[in-house]
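For reference, input.cif (mmCIF, C-alpha atoms and all ligand atoms; chains and numbers go by the auth columns):
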```cif
data_entry
#
loop_
_atom_site.group_PDB
_atom_site.id
_atom_site.type_symbol
_atom_site.label_atom_id
_atom_site.label_comp_id
_atom_site.label_asym_id
_atom_site.label_seq_id
_atom_site.Cartn_x
_atom_site.Cartn_y
_atom_site.Cartn_z
_atom_site.B_iso_or_equiv
_atom_site.auth_seq_id
_atom_site.auth_asym_id
ATOM 1 C CA MET A 1 -5.257 -53.394 50.940 0.00 1 Y
ATOM 2 C CA ARG A 2 -6.152 -51.041 48.066 0.00 2 Y
ATOM 3 C CA TYR A 3 -6.289 -47.447 49.276 0.00 3 Y
ATOM 4 C CA LEU A 4 -7.598 -44.363 47.495 0.00 4 Y
ATOM 5 C CA ILE A 5 -6.960 -40.920 48.907 0.00 5 Y
ATOM 6 C CA ALA A 6 -9.115 -38.102 47.562 0.00 6 Y
ATOM 7 C CA TYR A 7 -8.368 -34.562 48.696 0.00 7 Y
ATOM 8 C CA TYR A 8 -9.258 -30.950 48.113 0.00 8 Y
ATOM 9 C CA THR A 9 -6.728 -28.199 48.664 0.00 9 Y
ATOM 10 C CA LEU A 10 -6.624 -24.456 48.178 0.00 10 Y
ATOM 11 C CA THR A 11 -3.280 -23.481 49.692 0.00 11 Y
ATOM 12 C CA GLY A 12 -1.429 -26.815 49.596 0.00 12 Y
ATOM 13 C CA ASN A 13 -1.533 -28.069 53.206 0.00 13 Y
ATOM 14 C CA THR A 14 -4.048 -30.827 52.622 0.00 14 Y
ATOM 15 C CA GLU A 15 -2.197 -31.822 49.473 0.00 15 Y
ATOM 16 C CA LEU A 16 1.073 -32.218 51.370 0.00 16 Y
ATOM 17 C CA ILE A 17 -0.640 -34.478 53.889 0.00 17 Y
ATOM 18 C CA ALA A 18 -2.478 -36.455 51.201 0.00 18 Y
ATOM 19 C CA ARG A 19 0.711 -37.022 49.191 0.00 19 Y
ATOM 20 C CA THR A 20 2.621 -38.131 52.296 0.00 20 Y
ATOM 21 C CA ILE A 21 -0.078 -40.631 53.223 0.00 21 Y
ATOM 22 C CA ALA A 22 -0.347 -41.875 49.627 0.00 22 Y
ATOM 23 C CA THR A 23 3.394 -42.536 49.511 0.00 23 Y
ATOM 24 C CA GLU A 24 3.332 -44.331 52.865 0.00 24 Y
ATOM 25 C CA LEU A 25 0.389 -46.568 51.914 0.00 25 Y
ATOM 26 C CA GLY A 26 1.082 -46.954 48.194 0.00 26 Y
ATOM 27 C CA ALA A 27 -2.360 -45.424 47.615 0.00 27 Y
ATOM 28 C CA GLU A 28 -3.897 -44.060 44.449 0.00 28 Y
ATOM 29 C CA ILE A 29 -4.384 -40.340 44.854 0.00 29 Y
ATOM 30 C CA GLU A 30 -6.986 -38.011 43.416 0.00 30 Y
ATOM 31 C CA GLN A 31 -7.345 -34.247 43.711 0.00 31 Y
ATOM 32 C CA ILE A 32 -10.927 -33.015 43.896 0.00 32 Y
ATOM 33 C CA ASN A 33 -11.315 -29.947 41.670 0.00 33 Y
ATOM 34 C CA THR A 34 -14.193 -27.521 41.316 0.00 34 Y
ATOM 35 C CA GLU A 35 -15.356 -26.877 37.741 0.00 35 Y
ATOM 36 C CA LYS A 36 -14.904 -23.168 38.390 0.00 36 Y
ATOM 37 C CA PRO A 37 -11.574 -22.681 40.169 0.00 37 Y
ATOM 38 C CA ILE A 38 -11.561 -20.989 43.575 0.00 38 Y
ATOM 39 C CA ASN A 39 -8.720 -18.615 44.452 0.00 39 Y
ATOM 40 C CA ILE A 40 -7.592 -17.490 47.867 0.00 40 Y
ATOM 41 C CA SER A 41 -8.430 -13.908 46.758 0.00 41 Y
ATOM 42 C CA ASP A 42 -12.086 -15.002 46.574 0.00 42 Y
ATOM 43 C CA PHE A 43 -12.047 -14.896 50.365 0.00 43 Y
ATOM 44 C CA THR A 44 -10.334 -11.563 50.719 0.00 44 Y
ATOM 45 C CA LYS A 45 -12.245 -9.456 48.157 0.00 45 Y
ATOM 46 C CA PHE A 46 -15.698 -8.177 48.972 0.00 46 Y
ATOM 47 C CA SER A 47 -18.153 -8.995 46.194 0.00 47 Y
ATOM 48 C CA LEU A 48 -21.547 -10.610 45.722 0.00 48 Y
ATOM 49 C CA SER A 49 -20.072 -13.812 44.304 0.00 49 Y
ATOM 50 C CA ASN A 50 -17.718 -14.104 47.265 0.00 50 Y
ATOM 51 C CA ILE A 51 -20.548 -13.649 49.732 0.00 51 Y
ATOM 52 C CA SER A 52 -22.340 -16.408 47.857 0.00 52 Y
ATOM 53 C CA LEU A 53 -19.229 -18.635 48.187 0.00 53 Y
ATOM 54 C CA MET A 54 -19.096 -18.051 51.962 0.00 54 Y
ATOM 55 C CA HIS A 55 -22.805 -18.802 52.168 0.00 55 Y
ATOM 56 C CA SER A 56 -22.254 -22.086 50.282 0.00 56 Y
ATOM 57 C CA ILE A 57 -19.656 -23.108 52.841 0.00 57 Y
ATOM 58 C CA ILE A 58 -21.619 -22.410 55.994 0.00 58 Y
ATOM 59 C CA SER A 59 -24.843 -23.842 54.620 0.00 59 Y
ATOM 60 C CA ARG A 60 -22.929 -26.978 53.523 0.00 60 Y
ATOM 61 C CA LYS A 61 -23.858 -26.573 49.889 0.00 61 Y
ATOM 62 C CA LYS A 62 -22.240 -28.565 47.142 0.00 62 Y
ATOM 63 C CA MET A 63 -20.277 -27.153 44.270 0.00 63 Y
ATOM 64 C CA LYS A 64 -19.866 -28.496 40.739 0.00 64 Y
ATOM 65 C CA ILE A 65 -16.708 -30.601 40.577 0.00 65 Y
ATOM 66 C CA ASN A 66 -14.874 -32.307 37.758 0.00 66 Y
ATOM 67 C CA GLN A 67 -15.813 -35.953 37.299 0.00 67 Y
ATOM 68 C CA PRO A 68 -13.665 -38.067 39.678 0.00 68 Y
ATOM 69 C CA ALA A 69 -11.190 -40.342 37.918 0.00 69 Y
ATOM 70 C CA TYR A 70 -11.695 -43.226 40.341 0.00 70 Y
ATOM 71 C CA ASN A 71 -14.739 -45.133 41.548 0.00 71 Y
ATOM 72 C CA VAL A 72 -14.462 -45.711 45.303 0.00 72 Y
ATOM 73 C CA GLN A 73 -15.998 -49.167 44.860 0.00 73 Y
ATOM 74 C CA ASP A 74 -12.706 -50.299 43.275 0.00 74 Y
ATOM 75 C CA PHE A 75 -10.876 -49.801 46.600 0.00 75 Y
ATOM 76 C CA ASP A 76 -10.900 -51.386 50.069 0.00 76 Y
ATOM 77 C CA ARG A 77 -10.410 -48.145 51.958 0.00 77 Y
ATOM 78 C CA ILE A 78 -11.007 -44.554 50.952 0.00 78 Y
ATOM 79 C CA ILE A 79 -9.327 -41.633 52.683 0.00 79 Y
ATOM 80 C CA ILE A 80 -10.937 -38.239 52.188 0.00 80 Y
ATOM 81 C CA ALA A 81 -9.036 -35.108 53.178 0.00 81 Y
ATOM 82 C CA THR A 82 -10.404 -31.573 53.349 0.00 82 Y
ATOM 83 C CA PRO A 83 -9.335 -28.209 54.703 0.00 83 Y
ATOM 84 C CA VAL A 84 -11.690 -26.847 57.382 0.00 84 Y
ATOM 85 C CA TRP A 85 -13.467 -23.754 56.073 0.00 85 Y
ATOM 86 C CA MET A 86 -15.617 -21.860 58.531 0.00 86 Y
ATOM 87 C CA ASN A 87 -15.936 -24.963 60.641 0.00 87 Y
ATOM 88 C CA ASN A 88 -17.092 -27.040 57.651 0.00 88 Y
ATOM 89 C CA SER A 89 -15.640 -29.184 54.903 0.00 89 Y
ATOM 90 C CA ALA A 90 -14.911 -27.519 51.567 0.00 90 Y
ATOM 91 C CA PRO A 91 -18.047 -27.604 49.359 0.00 91 Y
ATOM 92 C CA ALA A 92 -16.118 -29.559 46.692 0.00 92 Y
ATOM 93 C CA VAL A 93 -15.617 -32.359 49.219 0.00 93 Y
ATOM 94 C CA ASN A 94 -19.344 -32.390 50.008 0.00 94 Y
ATOM 95 C CA SER A 95 -19.958 -32.854 46.278 0.00 95 Y
ATOM 96 C CA TYR A 96 -17.374 -35.628 46.062 0.00 96 Y
ATOM 97 C CA ILE A 97 -19.004 -37.571 48.890 0.00 97 Y
ATOM 98 C CA ASP A 98 -22.391 -37.041 47.304 0.00 98 Y
ATOM 99 C CA CYS A 99 -21.375 -38.376 43.885 0.00 99 Y
ATOM 100 C CA GLN A 100 -19.782 -41.623 45.085 0.00 100 Y
ATOM 101 C CA ASN A 101 -21.339 -44.839 46.347 0.00 101 Y
ATOM 102 C CA PHE A 102 -19.626 -45.798 49.618 0.00 102 Y
ATOM 103 C CA MET A 103 -21.733 -48.915 50.194 0.00 103 Y
ATOM 104 C CA ASN A 104 -19.764 -51.383 52.382 0.00 104 Y
ATOM 105 C CA LYS A 105 -16.581 -49.304 52.170 0.00 105 Y
ATOM 106 C CA ASP A 106 -14.288 -48.342 55.022 0.00 106 Y
ATOM 107 C CA VAL A 107 -13.608 -44.623 55.029 0.00 107 Y
ATOM 108 C CA VAL A 108 -10.997 -42.505 56.808 0.00 108 Y
ATOM 109 C CA LEU A 109 -11.564 -38.764 57.202 0.00 109 Y
ATOM 110 C CA ILE A 110 -8.905 -36.082 57.597 0.00 110 Y
ATOM 111 C CA ALA A 111 -9.507 -32.377 58.169 0.00 111 Y
ATOM 112 C CA THR A 112 -6.679 -29.838 58.208 0.00 112 Y
ATOM 113 C CA ILE A 113 -7.080 -26.884 60.519 0.00 113 Y
ATOM 114 C CA ALA A 114 -5.398 -23.614 61.392 0.00 114 Y
ATOM 115 C CA GLU A 115 -3.780 -22.941 64.708 0.00 115 Y
ATOM 116 C CA LYS A 116 -6.372 -23.275 67.499 0.00 116 Y
ATOM 117 C CA GLY A 117 -8.883 -24.604 64.950 0.00 117 Y
ATOM 118 C CA ASN A 118 -11.250 -27.429 65.676 0.00 118 Y
ATOM 119 C CA ALA A 119 -11.981 -30.222 63.206 0.00 119 Y
ATOM 120 C CA GLN A 120 -14.720 -31.917 65.245 0.00 120 Y
ATOM 121 C CA ASN A 121 -17.761 -30.360 63.575 0.00 121 Y
ATOM 122 C CA THR A 122 -16.349 -30.899 60.093 0.00 122 Y
ATOM 123 C CA LEU A 123 -15.464 -34.524 60.763 0.00 123 Y
ATOM 124 C CA SER A 124 -18.810 -35.351 62.337 0.00 124 Y
ATOM 125 C CA VAL A 125 -20.796 -33.785 59.467 0.00 125 Y
ATOM 126 C CA MET A 126 -18.675 -35.702 56.941 0.00 126 Y
ATOM 127 C CA ASN A 127 -19.142 -38.876 58.985 0.00 127 Y
ATOM 128 C CA SER A 128 -22.936 -38.550 58.717 0.00 128 Y
ATOM 129 C CA ALA A 129 -22.708 -37.893 54.971 0.00 129 Y
ATOM 130 C CA ILE A 130 -20.587 -41.026 54.460 0.00 130 Y
ATOM 131 C CA ARG A 131 -22.997 -43.127 56.532 0.00 131 Y
ATOM 132 C CA LYS A 132 -25.899 -41.875 54.421 0.00 132 Y
ATOM 133 C CA ARG A 133 -24.009 -43.066 51.334 0.00 133 Y
ATOM 134 C CA GLY A 134 -23.556 -46.540 52.845 0.00 134 Y
ATOM 135 C CA GLY A 135 -19.968 -46.240 54.094 0.00 135 Y
ATOM 136 C CA LYS A 136 -18.413 -46.851 57.488 0.00 136 Y
ATOM 137 C CA VAL A 137 -15.981 -44.329 58.952 0.00 137 Y
ATOM 138 C CA ILE A 138 -13.192 -46.252 60.692 0.00 138 Y
ATOM 139 C CA ALA A 139 -10.944 -43.334 61.680 0.00 139 Y
ATOM 140 C CA THR A 140 -10.958 -39.547 61.740 0.00 140 Y
ATOM 141 C CA GLN A 141 -8.097 -37.148 62.240 0.00 141 Y
ATOM 142 C CA GLY A 142 -7.761 -33.385 62.539 0.00 142 Y
ATOM 143 C CA ILE A 143 -4.303 -32.137 61.607 0.00 143 Y
ATOM 144 C CA GLY A 144 -3.163 -28.658 62.656 0.00 144 Y
ATOM 145 C CA ILE A 145 -0.923 -26.929 60.128 0.00 145 Y
ATOM 146 C CA GLU A 146 0.823 -24.506 62.447 0.00 146 Y
ATOM 147 C CA LYS A 147 3.844 -26.799 62.702 0.00 147 Y
ATOM 148 C CA SER A 148 6.856 -26.976 60.411 0.00 148 Y
ATOM 149 C CA GLU A 149 6.477 -28.791 57.096 0.00 149 Y
ATOM 150 C CA GLN A 150 8.709 -31.556 58.402 0.00 150 Y
ATOM 151 C CA GLU A 151 6.519 -32.035 61.488 0.00 151 Y
ATOM 152 C CA ILE A 152 3.339 -32.085 59.397 0.00 152 Y
ATOM 153 C CA VAL A 153 4.829 -34.725 57.093 0.00 153 Y
ATOM 154 C CA GLU A 154 5.872 -36.813 60.080 0.00 154 Y
ATOM 155 C CA MET A 155 2.424 -36.529 61.665 0.00 155 Y
ATOM 156 C CA ALA A 156 0.775 -37.601 58.398 0.00 156 Y
ATOM 157 C CA ARG A 157 3.217 -40.490 58.049 0.00 157 Y
ATOM 158 C CA GLN A 158 2.491 -41.715 61.593 0.00 158 Y
ATOM 159 C CA PHE A 159 -1.229 -41.486 60.957 0.00 159 Y
ATOM 160 C CA ALA A 160 -0.836 -43.544 57.765 0.00 160 Y
ATOM 161 C CA ILE A 161 1.139 -46.171 59.693 0.00 161 Y
ATOM 162 C CA SER A 162 -1.565 -46.304 62.387 0.00 162 Y
ATOM 163 C CA LEU A 163 -4.145 -47.232 59.755 0.00 163 Y
ATOM 164 C CA GLY A 164 -2.312 -50.514 59.264 0.00 164 Y
ATOM 165 C CA SER A 165 -3.465 -51.742 62.682 0.00 165 Y
ATOM 166 C CA LEU A 166 -7.155 -51.018 62.057 0.00 166 Y
HETATM 167 C C1 LIG B . -11.976 -19.501 53.735 0.00 201 R
HETATM 168 C C2 LIG B . -11.229 -20.202 54.822 0.00 201 R
HETATM 169 C C3 LIG B . -11.867 -20.534 55.988 0.00 201 R
HETATM 170 C C4 LIG B . -11.175 -21.190 57.025 0.00 201 R
HETATM 171 N N1 LIG B . -11.851 -21.548 58.154 0.00 201 R
HETATM 172 C C5 LIG B . -11.199 -22.224 59.134 0.00 201 R
HETATM 173 C C6 LIG B . -11.891 -22.651 60.325 0.00 201 R
HETATM 174 O O1 LIG B . -13.077 -22.435 60.498 0.00 201 R
HETATM 175 N N2 LIG B . -11.188 -23.328 61.270 0.00 201 R
HETATM 176 C C7 LIG B . -9.846 -23.604 61.110 0.00 201 R
HETATM 177 O O2 LIG B . -9.246 -24.216 61.993 0.00 201 R
HETATM 178 N N3 LIG B . -9.184 -23.229 60.000 0.00 201 R
HETATM 179 C C8 LIG B . -9.813 -22.541 59.016 0.00 201 R
HETATM 180 N N4 LIG B . -9.134 -22.167 57.891 0.00 201 R
HETATM 181 C C9 LIG B . -7.718 -22.560 57.741 0.00 201 R
HETATM 182 C C10 LIG B . -7.591 -23.815 56.876 0.00 201 R
HETATM 183 O O3 LIG B . -8.428 -24.851 57.327 0.00 201 R
HETATM 184 C C11 LIG B . -6.171 -24.362 56.911 0.00 201 R
HETATM 185 O O4 LIG B . -5.273 -23.365 56.561 0.00 201 R
HETATM 186 C C12 LIG B . -6.053 -25.545 55.969 0.00 201 R
HETATM 187 O O5 LIG B . -4.918 -26.293 56.308 0.00 201 R
HETATM 188 C C13 LIG B . -5.954 -25.125 54.530 0.00 201 R
HETATM 189 O O6 LIG B . -5.817 -26.272 53.726 0.00 201 R
HETATM 190 P P1 LIG B . -5.243 -26.178 52.240 0.00 201 R
HETATM 191 O O7 LIG B . -3.901 -25.504 52.330 0.00 201 R
HETATM 192 O O8 LIG B . -5.143 -27.584 51.781 0.00 201 R
HETATM 193 O O9 LIG B . -6.200 -25.383 51.422 0.00 201 R
HETATM 194 C C14 LIG B . -9.796 -21.501 56.860 0.00 201 R
HETATM 195 C C15 LIG B . -9.144 -21.148 55.659 0.00 201 R
HETATM 196 C C16 LIG B . -9.843 -20.502 54.646 0.00 201 R
HETATM 197 C C17 LIG B . -9.137 -20.158 53.356 0.00 201 R
#
```

Could you write out this structure as structure tokens?
Ligand SMILES: Cc1cc2nc3c(=O)[nH]c(=O)nc-3n(C[C@H](O)[C@H](O)[C@H](O)COP(=O)(O)O)c2cc1C
Amino acid sequence: MRYLIAYYTLTGNTELIARTIATELGAEIEQINTEKPINISDFTKFSLSNISLMHSIISRKKMKINQPAYNVQDFDRIIIATPVWMNNSAPAVNSYIDCQNFMNKDVVLIATIAEKGNAQNTLSVMNSAIRKRGGKVIATQGIGIEKSEQEIVEMARQFAISLGSL
């Protein structure tokens, strides 16, 4: 089974999970990057461009991303991992889904959340976007990041193992 895992990360949690899963499955891994980098300070400073960034997130806008290195059609299963931002996927992930052809591909979705966060809305919106692009979502998982790094790695590893029985 050829797996690709594509992820976006701002503060590293989603990357840790993506790398753990990639190691477990022997997957190719790809980081989704915006053309114009986003910094965590963009969310803490008050400016017009930051308001516009927040607006992009809640209105599920896309954002210009660097050209992906891999074509999802070259894989059997594609795992897409995003942080949850304001109850939505990161705009870069929306752009990634929009620029790939998922026709007849099995897709797994992961959303990382803060303590007491809820990944349901994010996962269901991403699920619809994948379906529109011809793909079939075979599993979704929200992963809370309030645990220790070791626990997060173990949770990601167990999730990767569970994909083997699907
Ligand atoms: C701008 C912003 C908005 C966020 N909104 C939510 C949210 O709505 N729900 C939630 O559970 N977590 C939210 N979080 C927390 C992140 O989803 C969580 O820390 C995630 O693991 C970060 O992933 P990363 O380290 O890969 O960037 C938000 C974080 C940021 C920076």

Hey, which residues sit close to ligand LIG 201 (chain R)? Say within 9 Å, counting all atoms listed in the file, and write them as a ChimeraX atom specification.
/Y:7-17,40,42-44,54,57,81-90,111-119,143-146

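Distance check against Asp74 of chain Y using all atoms listed in the file: of Y:Met103, Y:Ala156, Y:Ile51, Y:Ile32, the minimum falls on Y:Met103.
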
Note to self: Set the distance at 9 Å and use all atoms listed in the file: which residues neighbour segment 18-26 of chain Y once local chain neighbours fewer than 5 positions away are removed? I'd like the list as a ChimeraX atom specification.
What the structure shows: /Y:1-7,13,79-81,153-154,156-161,164

Could those residues be written to a file, using C-alpha atoms, as a PDB file, in the coordinates of the input?
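Listing of result.pdb after writing:
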```
ATOM      1  CA  MET Y   1      -5.257 -53.394  50.940  1.00  0.00           C
ATOM      2  CA  ARG Y   2      -6.152 -51.041  48.066  1.00  0.00           C
ATOM      3  CA  TYR Y   3      -6.289 -47.447  49.276  1.00  0.00           C
ATOM      4  CA  LEU Y   4      -7.598 -44.363  47.495  1.00  0.00           C
ATOM      5  CA  ILE Y   5      -6.960 -40.920  48.907  1.00  0.00           C
ATOM      6  CA  ALA Y   6      -9.115 -38.102  47.562  1.00  0.00           C
ATOM      7  CA  TYR Y   7      -8.368 -34.562  48.696  1.00  0.00           C
ATOM      8  CA  ASN Y  13      -1.533 -28.069  53.206  1.00  0.00           C
ATOM      9  CA  ILE Y  79      -9.327 -41.633  52.683  1.00  0.00           C
ATOM     10  CA  ILE Y  80     -10.937 -38.239  52.188  1.00  0.00           C
ATOM     11  CA  ALA Y  81      -9.036 -35.108  53.178  1.00  0.00           C
ATOM     12  CA  VAL Y 153       4.829 -34.725  57.093  1.00  0.00           C
ATOM     13  CA  GLU Y 154       5.872 -36.813  60.080  1.00  0.00           C
ATOM     14  CA  ALA Y 156       0.775 -37.601  58.398  1.00  0.00           C
ATOM     15  CA  ARG Y 157       3.217 -40.490  58.049  1.00  0.00           C
ATOM     16  CA  GLN Y 158       2.491 -41.715  61.593  1.00  0.00           C
ATOM     17  CA  PHE Y 159      -1.229 -41.486  60.957  1.00  0.00           C
ATOM     18  CA  ALA Y 160      -0.836 -43.544  57.765  1.00  0.00           C
ATOM     19  CA  ILE Y 161       1.139 -46.171  59.693  1.00  0.00           C
ATOM     20  CA  GLY Y 164      -2.312 -50.514  59.264  1.00  0.00           C
TER      21      GLY Y 164
END
```

Got a sec: who's within 9 Å of segment 60-65 of chain Y, counting only C-alpha atoms, leaving out chain neighbours fewer than 6 positions off, as JSON, numbers by chain? {"Y": [32, 33, 34, 35, 36, 88, 89, 90, 91, 92, 93, 94, 95, 96, 98]}

Got time to write the residues from that selection, C-alpha atoms, as a PDB file, keeping the file's coordinate frame?
```pdb
ATOM      1  CA  ILE Y  32     -10.927 -33.015  43.896  1.00  0.00           C
ATOM      2  CA  ASN Y  33     -11.315 -29.947  41.670  1.00  0.00           C
ATOM      3  CA  THR Y  34     -14.193 -27.521  41.316  1.00  0.00           C
ATOM      4  CA  GLU Y  35     -15.356 -26.877  37.741  1.00  0.00           C
ATOM      5  CA  LYS Y  36     -14.904 -23.168  38.390  1.00  0.00           C
ATOM      6  CA  ASN Y  88     -17.092 -27.040  57.651  1.00  0.00           C
ATOM      7  CA  SER Y  89     -15.640 -29.184  54.903  1.00  0.00           C
ATOM      8  CA  ALA Y  90     -14.911 -27.519  51.567  1.00  0.00           C
ATOM      9  CA  PRO Y  91     -18.047 -27.604  49.359  1.00  0.00           C
ATOM     10  CA  ALA Y  92     -16.118 -29.559  46.692  1.00  0.00           C
ATOM     11  CA  VAL Y  93     -15.617 -32.359  49.219  1.00  0.00           C
ATOM     12  CA  ASN Y  94     -19.344 -32.390  50.008  1.00  0.00           C
ATOM     13  CA  SER Y  95     -19.958 -32.854  46.278  1.00  0.00           C
ATOM     14  CA  TYR Y  96     -17.374 -35.628  46.062  1.00  0.00           C
ATOM     15  CA  ASP Y  98     -22.391 -37.041  47.304  1.00  0.00           C
TER      16      ASP Y  98
END
```

Pairwise distance, atom CA of Gln100 of chain Y with atom CA of Ser128 of chain Y, equals 14.3 Å

For each of Y:Ile78, Y:Ser165, Y:Thr140, Y:Arg131, take the minimum atom-to-atom distance to Ile29 of chain Y, counting all atoms listed in the file, then give the residue where this is smallest.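 Distance minimum relative to Ile29 of chain Y lands on Y:Ile78.
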
Atom pair atom CA of Phe75 of chain Y + atom CA of Leu123 of chain Y, distance 21.3 Å

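Going from atom CA of Glu28 of chain Y to atom CA of Pro68 of chain Y covers 12.4 Å.
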
Kindly compute an axis-aligned box around the listed atoms of segment 30-36 of chain Y, allowing 8 Å on each side, and express its centre and edge lengths in Å to one decimal as AutoDock Vina command-line options.
```
--center_x -11.2 --center_y -30.6 --center_z 40.8 --size_x 24.4 --size_y 30.8 --size_z 22.2
```

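Take the candidates Y:Ile97, Y:Gly135, Y:Ser56, Y:Met155 and check each one against Arg77 of chain Y using only C-alpha atoms; the shortest distance goes to Y:Gly135.
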
Q.
Nearest residue to Gln73 of chain Y out of Y:Val107, Y:Ile58, Y:Ala139, Y:Ile38, using only C-alpha atoms?
A.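 Between Y:Val107, Y:Ile58, Y:Ala139, Y:Ile38, the residue approaching Gln73 of chain Y most closely is Y:Val107.
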
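Counting all atoms listed in the file, the residue from Y:Gly142, Y:Phe46, Y:Glu151, Y:Lys105 that sits nearest to Ile130 of chain Y is Y:Lys105.
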
Q | Among the residues Y:Asn127, Y:Gln31, Y:Ser49, Y:Gln120, the one that comes closest to Gln67 of chain Y [using only C-alpha atoms] | A |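 Going through Y:Asn127, Y:Gln31, Y:Ser49, Y:Gln120 one by one, the smallest distance to Gln67 of chain Y is for Y:Gln31.
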